[in-house]
file data20.txt (compact mmCIF, C-alpha atoms and all ligand atoms)
# COMPACT_ATOMS: atom_id res chain seq x y z
CA MET A 1134 -68.12 33.50 -3.71
CA VAL A 1135 -65.03 33.35 -5.88
CA GLN A 1136 -62.69 33.51 -2.88
CA GLU A 1137 -64.24 30.36 -1.38
CA ASN A 1138 -63.96 28.54 -4.69
CA ILE A 1139 -60.31 29.50 -4.92
CA GLU A 1140 -59.63 28.07 -1.48
CA GLN A 1141 -61.36 24.82 -2.34
CA VAL A 1142 -59.43 24.47 -5.60
CA ARG A 1143 -56.16 25.20 -3.78
CA LYS A 1144 -56.85 22.24 -1.47
CA GLU A 1145 -57.73 20.09 -4.44
CA ILE A 1146 -54.45 20.94 -6.16
CA VAL A 1147 -52.44 20.15 -3.05
CA ASP A 1148 -54.23 16.83 -2.48
CA PHE A 1149 -54.14 15.67 -6.09
CA ALA A 1150 -51.96 12.53 -6.27
CA ILE A 1151 -49.72 12.37 -9.35
CA SER A 1152 -48.18 8.92 -9.58
CA ASN A 1153 -47.65 8.34 -13.30
CA GLU A 1154 -47.89 9.99 -16.69
CA GLN A 1155 -51.66 9.55 -16.89
CA THR A 1156 -52.39 11.29 -13.62
CA LEU A 1157 -49.86 13.95 -14.56
CA GLU A 1158 -51.82 14.69 -17.75
CA GLN A 1159 -55.13 14.56 -15.89
CA PHE A 1160 -53.81 17.13 -13.45
CA ARG A 1161 -52.65 19.42 -16.27
CA ILE A 1162 -55.98 19.28 -18.09
CA ARG A 1163 -58.08 19.64 -14.96
CA PHE A 1164 -56.32 22.69 -13.54
CA LEU A 1165 -54.23 24.30 -16.25
CA GLY A 1166 -55.90 23.24 -19.52
CA SER A 1167 -57.56 25.72 -21.84
CA LYS A 1168 -60.89 24.64 -20.35
CA GLY A 1169 -59.46 24.02 -16.91
CA ILE A 1170 -60.56 25.20 -13.49
CA VAL A 1171 -58.01 27.98 -13.14
CA LYS A 1172 -59.02 29.50 -16.45
CA ASP A 1173 -62.71 29.31 -15.44
CA LEU A 1174 -61.96 31.11 -12.21
CA PHE A 1175 -60.13 33.86 -14.09
CA GLY A 1176 -63.31 34.14 -16.19
CA GLU A 1177 -65.33 34.76 -13.05
CA LEU A 1178 -63.16 37.76 -12.21
CA LYS A 1179 -65.55 39.99 -14.08
CA THR A 1180 -68.33 39.21 -11.59
CA VAL A 1181 -66.18 40.42 -8.72
CA PRO A 1182 -66.88 43.93 -7.40
CA ASN A 1183 -64.27 46.42 -8.62
CA GLU A 1184 -62.76 47.15 -5.22
CA GLU A 1185 -62.02 43.42 -4.70
CA LYS A 1186 -60.73 42.67 -8.20
CA ARG A 1187 -57.13 43.38 -7.35
CA ALA A 1188 -57.03 41.08 -4.30
CA VAL A 1189 -58.88 38.24 -6.04
CA GLY A 1190 -56.67 38.58 -9.10
CA GLN A 1191 -53.65 38.10 -6.92
CA LEU A 1192 -55.15 35.00 -5.29
CA LEU A 1193 -55.82 33.56 -8.74
CA ASN A 1194 -52.26 34.21 -9.88
CA GLU A 1195 -50.97 32.42 -6.81
CA LEU A 1196 -53.32 29.54 -7.51
CA ARG A 1197 -52.06 29.20 -11.08
CA GLN A 1198 -48.46 29.33 -9.87
CA LEU A 1199 -49.15 26.61 -7.33
CA ALA A 1200 -50.59 24.34 -10.02
CA GLU A 1201 -47.73 25.06 -12.44
CA GLU A 1202 -45.08 24.34 -9.84
CA LYS A 1203 -46.71 21.11 -8.78
CA LEU A 1204 -46.93 20.05 -12.41
CA ALA A 1205 -43.26 20.85 -13.09
CA THR A 1206 -41.97 19.08 -9.97
CA ALA A 1207 -44.08 16.00 -10.60
CA LYS A 1208 -42.95 15.88 -14.20
CA GLU A 1209 -39.29 16.08 -13.23
CA SER A 1210 -39.52 13.37 -10.63
CA LEU A 1211 -41.36 11.06 -13.02
CA GLU A 1212 -38.63 11.61 -15.63
CA ASN A 1213 -35.93 10.82 -13.08
CA GLN A 1214 -37.65 7.63 -12.10
CA GLN A 1215 -37.78 6.60 -15.70
CA SER A 1216 -34.15 7.35 -16.48
CA ASN A 1217 -33.05 5.47 -13.36
CA ALA A 1218 -35.16 2.56 -14.36
CA SER A 1219 -33.65 2.41 -17.82
CA ASP A 1220 -30.04 2.75 -16.58
CA VAL A 1221 -30.17 -0.06 -14.10
CA ASP A 1222 -30.62 -3.53 -15.38
CA VAL A 1223 -30.61 -5.63 -12.27
CA THR A 1224 -30.47 -8.84 -14.25
CA ARG A 1225 -27.21 -7.92 -15.98
CA PRO A 1226 -24.26 -10.14 -14.96
CA GLY A 1227 -21.60 -8.37 -12.86
CA GLU A 1228 -18.46 -7.18 -14.55
CA PRO A 1229 -15.38 -8.96 -13.19
CA ILE A 1230 -12.80 -6.69 -11.52
CA PRO A 1231 -9.41 -7.69 -12.90
CA PHE A 1232 -7.04 -9.07 -10.27
CA GLY A 1233 -3.72 -7.37 -9.81
CA SER A 1234 -0.56 -9.36 -9.24
CA ARG A 1235 1.80 -9.37 -6.28
CA HIS A 1236 4.97 -7.36 -6.64
CA PRO A 1237 8.04 -9.55 -7.24
CA LEU A 1238 9.75 -8.10 -4.17
CA SER A 1239 6.70 -8.97 -2.05
CA LEU A 1240 6.76 -12.50 -3.43
CA VAL A 1241 10.42 -12.93 -2.51
CA ARG A 1242 10.00 -11.34 0.90
CA SER A 1243 7.04 -13.58 1.76
CA GLU A 1244 8.93 -16.66 0.67
CA ILE A 1245 11.99 -15.78 2.77
CA ILE A 1246 9.79 -15.04 5.78
CA ALA A 1247 8.00 -18.39 5.34
CA ILE A 1248 11.33 -20.25 5.21
CA PHE A 1249 12.55 -18.72 8.46
CA GLU A 1250 9.20 -19.00 10.23
CA ARG A 1251 9.44 -22.76 9.74
CA ILE A 1252 12.50 -22.81 12.00
CA GLY A 1253 11.03 -20.58 14.68
CA TYR A 1254 11.99 -17.07 13.60
CA THR A 1255 9.66 -14.17 14.34
CA VAL A 1256 9.30 -11.10 12.12
CA SER A 1257 10.28 -7.71 13.54
CA GLU A 1258 10.34 -4.25 12.06
CA GLY A 1259 11.96 -0.93 12.86
CA PRO A 1260 11.68 2.68 11.65
CA GLU A 1261 13.04 3.85 8.30
CA ILE A 1262 14.00 7.19 9.84
CA GLU A 1263 16.67 6.15 12.27
CA ASP A 1264 19.13 7.74 14.69
CA ASP A 1265 22.88 7.42 14.55
CA TRP A 1266 22.91 5.10 17.54
CA HIS A 1267 20.80 2.34 15.98
CA ASN A 1268 22.14 2.65 12.45
CA PHE A 1269 25.84 3.06 13.27
CA SER A 1270 27.17 3.54 16.81
CA ALA A 1271 25.57 0.55 18.51
CA LEU A 1272 26.69 -1.55 15.55
CA ASN A 1273 30.32 -0.77 16.32
CA PHE A 1274 30.93 1.60 13.42
CA PRO A 1275 33.97 3.72 14.33
CA PRO A 1276 33.33 7.51 14.27
CA GLU A 1277 35.21 8.02 11.03
CA HIS A 1278 33.76 5.05 9.15
CA PRO A 1279 33.12 5.98 5.49
CA ALA A 1280 29.49 4.72 5.62
CA ARG A 1281 28.76 7.65 7.95
CA ASP A 1282 29.69 9.98 5.14
CA MET A 1283 27.09 12.23 3.51
CA GLN A 1284 28.01 10.55 0.26
CA ASP A 1285 26.52 7.26 1.38
CA THR A 1286 23.82 8.30 3.81
CA PHE A 1287 20.79 10.58 3.51
CA PHE A 1288 20.94 12.70 6.64
CA ILE A 1289 17.83 14.40 7.95
CA GLU A 1290 19.47 16.11 10.93
CA LYS A 1291 23.17 16.63 11.43
CA GLY A 1292 24.88 17.69 14.60
CA GLU A 1293 24.43 16.45 18.14
CA ARG A 1294 21.48 14.21 17.37
CA GLU A 1295 22.05 12.71 13.96
CA ILE A 1296 18.96 11.43 12.20
CA ALA A 1297 19.16 9.69 8.84
CA LEU A 1298 17.29 7.31 6.58
CA ARG A 1299 18.55 3.90 7.66
CA THR A 1300 21.21 2.50 5.37
CA HIS A 1301 20.56 -1.12 6.35
CA THR A 1302 18.12 -3.23 8.36
CA SER A 1303 20.88 -4.11 10.83
CA SER A 1304 19.48 -1.20 12.87
CA VAL A 1305 16.50 -3.41 13.75
CA GLN A 1306 18.89 -5.94 15.37
CA VAL A 1307 19.83 -3.31 17.91
CA ARG A 1308 16.21 -2.37 18.58
CA VAL A 1309 15.20 -6.01 19.09
CA MET A 1310 18.13 -6.69 21.43
CA GLU A 1311 17.38 -3.54 23.44
CA SER A 1312 13.75 -4.50 23.93
CA SER A 1313 13.83 -8.28 24.40
CA LYS A 1314 15.73 -10.97 26.23
CA PRO A 1315 17.45 -13.98 24.61
CA PRO A 1316 16.73 -16.45 23.20
CA ILE A 1317 16.10 -14.20 20.18
CA ARG A 1318 15.34 -15.55 16.72
CA THR A 1319 14.05 -12.90 14.36
CA ILE A 1320 14.16 -11.63 10.82
CA SER A 1321 13.57 -7.99 9.92
CA PRO A 1322 12.49 -7.13 6.40
CA GLY A 1323 12.38 -3.51 5.30
CA ARG A 1324 13.33 -0.68 3.00
CA VAL A 1325 16.73 0.98 3.22
CA TYR A 1326 18.23 4.09 1.61
CA ARG A 1327 21.60 5.03 0.21
CA ASN A 1328 22.80 8.15 -1.51
CA GLU A 1329 23.53 6.55 -4.87
CA ALA A 1330 22.96 7.71 -8.43
CA ILE A 1331 20.15 5.60 -9.87
CA SER A 1332 21.22 3.10 -12.53
CA ALA A 1333 20.50 -0.48 -13.55
CA ARG A 1334 22.83 -1.68 -10.80
CA ALA A 1335 22.27 0.84 -8.00
CA HIS A 1336 19.28 2.60 -6.50
CA CYS A 1337 18.75 5.16 -3.77
CA PHE A 1338 16.36 2.80 -2.01
CA PHE A 1339 16.11 -0.96 -1.91
CA HIS A 1340 15.06 -3.74 0.45
CA GLN A 1341 16.84 -6.02 2.85
CA ILE A 1342 16.11 -8.82 5.26
CA GLU A 1343 18.14 -8.99 8.42
CA GLY A 1344 18.43 -12.14 10.52
CA LEU A 1345 19.43 -12.41 14.17
CA TYR A 1346 19.86 -15.39 16.47
CA ILE A 1347 21.02 -14.90 20.07
CA ASP A 1348 21.18 -17.60 22.75
CA LYS A 1349 23.62 -19.46 24.95
CA ASN A 1350 26.27 -21.39 22.98
CA VAL A 1351 25.27 -20.26 19.48
CA SER A 1352 28.17 -21.18 17.19
CA PHE A 1353 29.41 -20.48 13.72
CA ALA A 1354 28.35 -24.03 12.80
CA ASP A 1355 24.74 -23.08 13.66
CA LEU A 1356 25.03 -20.09 11.33
CA LYS A 1357 26.36 -22.20 8.50
CA GLN A 1358 23.68 -24.85 8.95
CA THR A 1359 20.92 -22.23 9.04
CA LEU A 1360 22.15 -20.64 5.82
CA ASP A 1361 22.48 -24.02 4.13
CA TYR A 1362 18.85 -24.79 5.05
CA PHE A 1363 17.84 -21.37 3.75
CA ALA A 1364 19.64 -21.70 0.40
CA LYS A 1365 18.23 -25.18 -0.22
CA SER A 1366 14.71 -24.04 0.69
CA LEU A 1367 14.89 -21.05 -1.61
CA PHE A 1368 16.89 -22.35 -4.56
CA GLY A 1369 16.26 -26.10 -4.39
CA GLU A 1370 17.92 -29.17 -2.87
CA LYS A 1371 20.85 -29.02 -5.27
CA ALA A 1372 21.93 -25.60 -4.07
CA ARG A 1373 25.21 -25.44 -2.14
CA ILE A 1374 26.73 -22.55 -0.24
CA ARG A 1375 30.25 -21.36 0.40
CA LEU A 1376 31.48 -18.80 2.91
CA ARG A 1377 34.28 -16.35 2.18
CA PRO A 1378 35.96 -14.37 4.96
CA SER A 1379 34.91 -10.74 4.99
CA TYR A 1380 34.61 -7.73 7.27
CA PHE A 1381 31.65 -5.94 8.87
CA PRO A 1382 32.02 -3.72 11.95
CA PHE A 1383 29.17 -5.52 13.74
CA THR A 1384 30.26 -9.13 13.30
CA GLU A 1385 33.43 -11.02 14.18
CA PRO A 1386 34.28 -13.19 12.36
CA SER A 1387 32.39 -12.05 9.27
CA ALA A 1388 31.69 -13.80 6.00
CA GLU A 1389 30.09 -13.34 2.65
CA VAL A 1390 27.96 -16.18 1.38
CA ASP A 1391 27.73 -17.44 -2.19
CA VAL A 1392 25.19 -19.89 -3.52
CA SER A 1393 26.00 -22.25 -6.37
CA CYS A 1394 24.75 -20.72 -9.61
CA THR A 1395 21.16 -21.85 -10.09
CA ILE A 1396 21.15 -20.73 -13.69
CA CYS A 1397 23.95 -22.91 -15.08
CA ASN A 1398 24.02 -25.48 -12.25
CA ALA A 1399 27.43 -24.13 -11.24
CA LYS A 1400 28.94 -24.99 -14.60
CA GLY A 1401 29.71 -21.36 -15.40
CA CYS A 1402 27.63 -18.78 -17.28
CA ASN A 1403 27.53 -15.03 -17.80
CA VAL A 1404 25.32 -14.48 -14.72
CA CYS A 1405 27.86 -16.07 -12.37
CA LYS A 1406 30.68 -14.66 -14.52
CA TYR A 1407 31.91 -18.21 -15.15
CA THR A 1408 32.68 -18.77 -11.46
CA GLY A 1409 29.74 -21.07 -10.72
CA TRP A 1410 28.91 -18.94 -7.61
CA LEU A 1411 26.58 -16.06 -6.86
CA GLU A 1412 26.94 -13.78 -3.84
CA ILE A 1413 23.72 -13.59 -1.82
CA LEU A 1414 24.38 -12.25 1.67
CA GLY A 1415 26.68 -11.06 4.44
CA CYS A 1416 26.85 -12.65 7.88
CA GLY A 1417 28.90 -13.32 10.98
CA MET A 1418 28.96 -13.82 14.72
CA VAL A 1419 27.55 -10.75 16.46
CA ASP A 1420 30.48 -8.72 17.79
CA PRO A 1421 30.60 -8.73 21.63
CA ASN A 1422 30.67 -4.91 21.52
CA VAL A 1423 27.31 -4.92 19.75
CA LEU A 1424 25.78 -7.30 22.30
CA ALA A 1425 27.05 -5.14 25.15
CA ALA A 1426 25.85 -1.89 23.53
CA SER A 1427 22.35 -3.36 23.28
CA GLY A 1428 22.26 -4.58 26.89
CA ILE A 1429 23.06 -8.27 26.37
CA ASP A 1430 25.89 -9.84 28.38
CA PRO A 1431 28.50 -11.12 25.87
CA GLU A 1432 29.92 -13.42 28.56
CA GLU A 1433 26.63 -15.27 28.75
CA TYR A 1434 25.30 -15.09 25.20
CA THR A 1435 26.58 -15.42 21.66
CA GLY A 1436 24.75 -15.04 18.40
CA PHE A 1437 24.88 -14.72 14.67
CA ALA A 1438 23.45 -12.23 12.21
CA PHE A 1439 23.00 -12.06 8.49
CA GLY A 1440 21.68 -9.58 5.98
CA MET A 1441 20.57 -9.92 2.38
CA GLY A 1442 19.15 -7.74 -0.36
CA ILE A 1443 15.66 -8.69 -1.55
CA GLU A 1444 16.27 -7.20 -5.02
CA ARG A 1445 19.41 -9.33 -5.33
CA ILE A 1446 17.47 -12.54 -4.56
CA ALA A 1447 14.64 -11.48 -6.89
CA GLN A 1448 17.22 -10.85 -9.58
CA LEU A 1449 18.43 -14.44 -9.24
CA LYS A 1450 14.95 -15.93 -9.00
CA PHE A 1451 13.36 -13.95 -11.84
CA LYS A 1452 16.43 -12.94 -13.88
CA VAL A 1453 15.51 -9.27 -13.71
CA ASN A 1454 18.78 -7.40 -13.77
CA ASP A 1455 17.70 -3.77 -13.93
CA LEU A 1456 17.01 -2.49 -10.41
CA ARG A 1457 14.93 0.39 -11.70
CA LEU A 1458 12.19 -1.95 -12.90
CA TYR A 1459 11.30 -2.83 -9.29
CA SER A 1460 10.13 0.68 -8.48
CA GLU A 1461 8.77 2.00 -11.77
CA ASN A 1462 5.45 0.20 -11.38
CA ASP A 1463 5.09 -0.46 -15.08
CA VAL A 1464 2.10 -2.79 -15.25
CA ARG A 1465 3.62 -4.67 -18.19
CA PHE A 1466 6.49 -5.64 -15.91
CA LEU A 1467 4.33 -6.35 -12.87
CA LYS A 1468 1.82 -8.46 -14.81
CA GLN A 1469 4.48 -11.03 -15.56
CA PHE A 1470 4.39 -12.08 -11.92
CA ASP A 1471 0.69 -12.87 -11.99
CA GLY A 1472 0.17 -16.25 -10.40
CA VAL A 1473 3.86 -16.77 -9.62
CA ASN A 1474 4.33 -19.13 -6.71
CA PHE A 1475 7.50 -20.48 -5.28
N1 LIG B 1501 24.15 -4.62 6.91
C1 LIG B 1501 24.95 -5.21 5.85
C2 LIG B 1501 24.77 -4.39 4.57
O1 LIG B 1501 23.89 -3.60 4.48
C3 LIG B 1501 24.54 -6.62 5.58
C4 LIG B 1501 24.93 -7.52 6.70
C5 LIG B 1501 26.14 -8.11 6.71
C6 LIG B 1501 24.07 -7.73 7.76
C7 LIG B 1501 26.55 -8.95 7.75
C8 LIG B 1501 24.44 -8.57 8.80
C9 LIG B 1501 25.69 -9.18 8.78
O2 LIG B 1501 23.65 -8.82 9.85
O3 LIG B 1501 26.05 -9.99 9.79
O4 LIG B 1501 25.52 -4.56 3.66
call {"tool": "encode", "arguments": {"input": "data20.txt", "output": "structure tokens"}}
result
Amino acid sequence: MVQENIEQVRKEIVDFAISNEQTLEQFRIRFLGSKGIVKDLFGELKTVPNEEKRAVGQLLNELRQLAEEKLATAKESLENQQSNASDVDVTRPGEPIPFGSRHPLSLVRSEIIAIFERIGYTVSEGPEIEDDWHNFSALNFPPEHPARDMQDTFFIEKGEREIALRTHTSSVQVRVMESSKPPIRTISPGRVYRNEAISARAHCFFHQIEGLYIDKNVSFADLKQTLDYFAKSLFGEKARIRLRPSYFPFTEPSAEVDVSCTICNAKGCNVCKYTGWLEILGCGMVDPNVLAASGIDPEEYTGFAFGMGIERIAQLKFKVNDLRLYSENDVRFLKQFDGVNF
């Protein structure tokens, strides 16, 4: 009976294993070739009684479709296997991924952190979005101080609760003092923001490192000695420092610190404007009001603080004078710091 034959051939088609091009071709010839089984079965249709012809014809069509689909799928998967095989050469040597270089500001920051870690300083960080208390009030800024002006500060919320982008990392001093007990020795690196027009000499964001040392009997001599150690570590044994009296609301007395010009060996050049000195940071003894505002008894403890700009130090180390270069991410600029070590 034709129907039984069809069923048997259907099983054969399903079971036929196609594993390579040869078996693929064998399959095609056996079932779908011009002298193949399916064709033969169609030939037998004329022996089928008329009333069954329609049903058997349909079975045969389905059989041919089954064989054609199997052939097409097998062909496609064999082709895929081949193209994968030709794409992947497992013996090919790996392609090296080019190394990037560290950003000059990261290099300087790491070096400064390393210098202070050697004398027992920890690293602390605070938020860039800061409230008025930590950025200004606790640091003894009077209510009408010009730094609180919109012209200098990016405010996020004005009014009762003033929220701004911090204008300096001195805000972290307050946070550390509020949350820990002396002795405190910490430096706080971070990004700060000021409402400035961008030029070679000013930017609306830059980076600072704040230093804070609080303990019993901390003196101005300790501050000076610490900064001398720092300058010599960073700029070399020949470096000298000098302190000039200055004013900051959060320190009393306050000073600005110059380092002897490393470029001309203090002889005088256009970088130091023929003075032999370069300004590198601000510092002073923490004002008793600031200690008290942060919950530290000024009768029991004294301390010093200092703050410096990372771009400024990088400028002196690498002689890069245009502040914009530090944030443009031009790879031609960044590549020059490949392999730089202090
Ligand atoms: N916060 C100051 C600034 O942004 C820098 C500074 C000066 C920090 C004196 C200090 C300090 O801790 O004692 O210009």
call {"tool": "residues_around", "arguments": {"input": "data20.txt", "residues": "Glu1263 of chain A", "least_positions_apart": "4", "cutoff": "9 Å", "atoms": "only C-alpha atoms", "output": "PDB file with C-alpha atoms, keeping the file's coordinate frame"}}
result
ATOM      1  CA  GLY A1259      11.960  -0.930  12.860  1.00  0.00           C
ATOM      2  CA  HIS A1267      20.800   2.340  15.980  1.00  0.00           C
ATOM      3  CA  ASN A1268      22.140   2.650  12.450  1.00  0.00           C
ATOM      4  CA  GLU A1295      22.050  12.710  13.960  1.00  0.00           C
ATOM      5  CA  ILE A1296      18.960  11.430  12.200  1.00  0.00           C
ATOM      6  CA  ALA A1297      19.160   9.690   8.840  1.00  0.00           C
ATOM      7  CA  LEU A1298      17.290   7.310   6.580  1.00  0.00           C
ATOM      8  CA  ARG A1299      18.550   3.900   7.660  1.00  0.00           C
ATOM      9  CA  SER A1304      19.480  -1.200  12.870  1.00  0.00           C
TER      10      SER A1304
END
call {"tool": "closest_residue", "arguments": {"input": "data20.txt", "among": "A:Ser1210, A:Ser1379, A:Thr1384, A:Ser1152", "to": "ligand LIG 1501 (chain B)", "atoms": "all atoms listed in the file"}}
result
A:Thr1384
call {"tool": "closest_residue", "arguments": {"input": "data20.txt", "among": "A:Arg1318, A:Glu1209, A:Ala1447, A:Ala1335", "to": "Ile1151 of chain A", "atoms": "all atoms listed in the file"}}
result
A:Glu1209
call {"tool": "residues_near_ligand", "arguments": {"input": "data20.txt", "ligand": "ligand LIG 1501 (chain B)", "cutoff": "7 Å", "atoms": "all atoms listed in the file", "output": "number ranges by chain"}}
result
A: 1300-1303, 1343-1344, 1381, 1383-1384, 1387, 1414-1419, 1437-1441
call {"tool": "atom_distance", "arguments": {"input": "data20.txt", "atom1": "atom CA of Val1464 of chain A", "atom2": "atom CA of Leu1238 of chain A"}}
result
14.5 Å
call {"tool": "residues_around", "arguments": {"input": "data20.txt", "residues": "Arg1235 of chain A", "least_positions_apart": "2", "cutoff": "8 Å", "atoms": "all atoms listed in the file", "output": "PyMOL selection string"}}
result
chain A and resi 1233+1237+1239-1240+1467+1470-1471
call {"tool": "residues_near_point", "arguments": {"input": "data20.txt", "point": "(23.9, 11.9, 9.7)", "cutoff": "10 Å", "atoms": "only C-alpha atoms", "output": "list of chain:residue names"}}
result
A:Glu1263, A:Asp1264, A:Asp1265, A:Asn1268, A:Phe1269, A:Ala1280, A:Arg1281, A:Asp1282, A:Met1283, A:Asp1285, A:Thr1286, A:Phe1287, A:Phe1288, A:Ile1289, A:Glu1290, A:Lys1291, A:Gly1292, A:Glu1293, A:Arg1294, A:Glu1295, A:Ile1296, A:Ala1297, A:Leu1298, A:Arg1299
call {"tool": "residues_around", "arguments": {"input": "data20.txt", "residues": "Gln1448 of chain A", "least_positions_apart": "6", "cutoff": "12 Å", "atoms": "only C-alpha atoms", "output": "number ranges by chain"}}
result
A: 1237-1238, 1241, 1333-1334, 1395-1396, 1404, 1411-1413, 1442, 1454-1459
call {"tool": "atom_distance", "arguments": {"input": "data20.txt", "atom1": "atom CA of Ala1425 of chain A", "atom2": "atom CA of Val1351 of chain A"}}
result
16.2 Å
call {"tool": "closest_residue", "arguments": {"input": "data20.txt", "among": "A:Phe1149, A:Val1325, A:Ser1366, A:Val1305", "to": "Arg1251 of chain A", "atoms": "all atoms listed in the file"}}
result
A:Ser1366
call {"tool": "closest_residue", "arguments": {"input": "data20.txt", "among": "A:Val1223, A:Ile1342, A:Leu1356, A:Leu1199", "to": "Arg1445 of chain A", "atoms": "only C-alpha atoms"}}
result
A:Ile1342
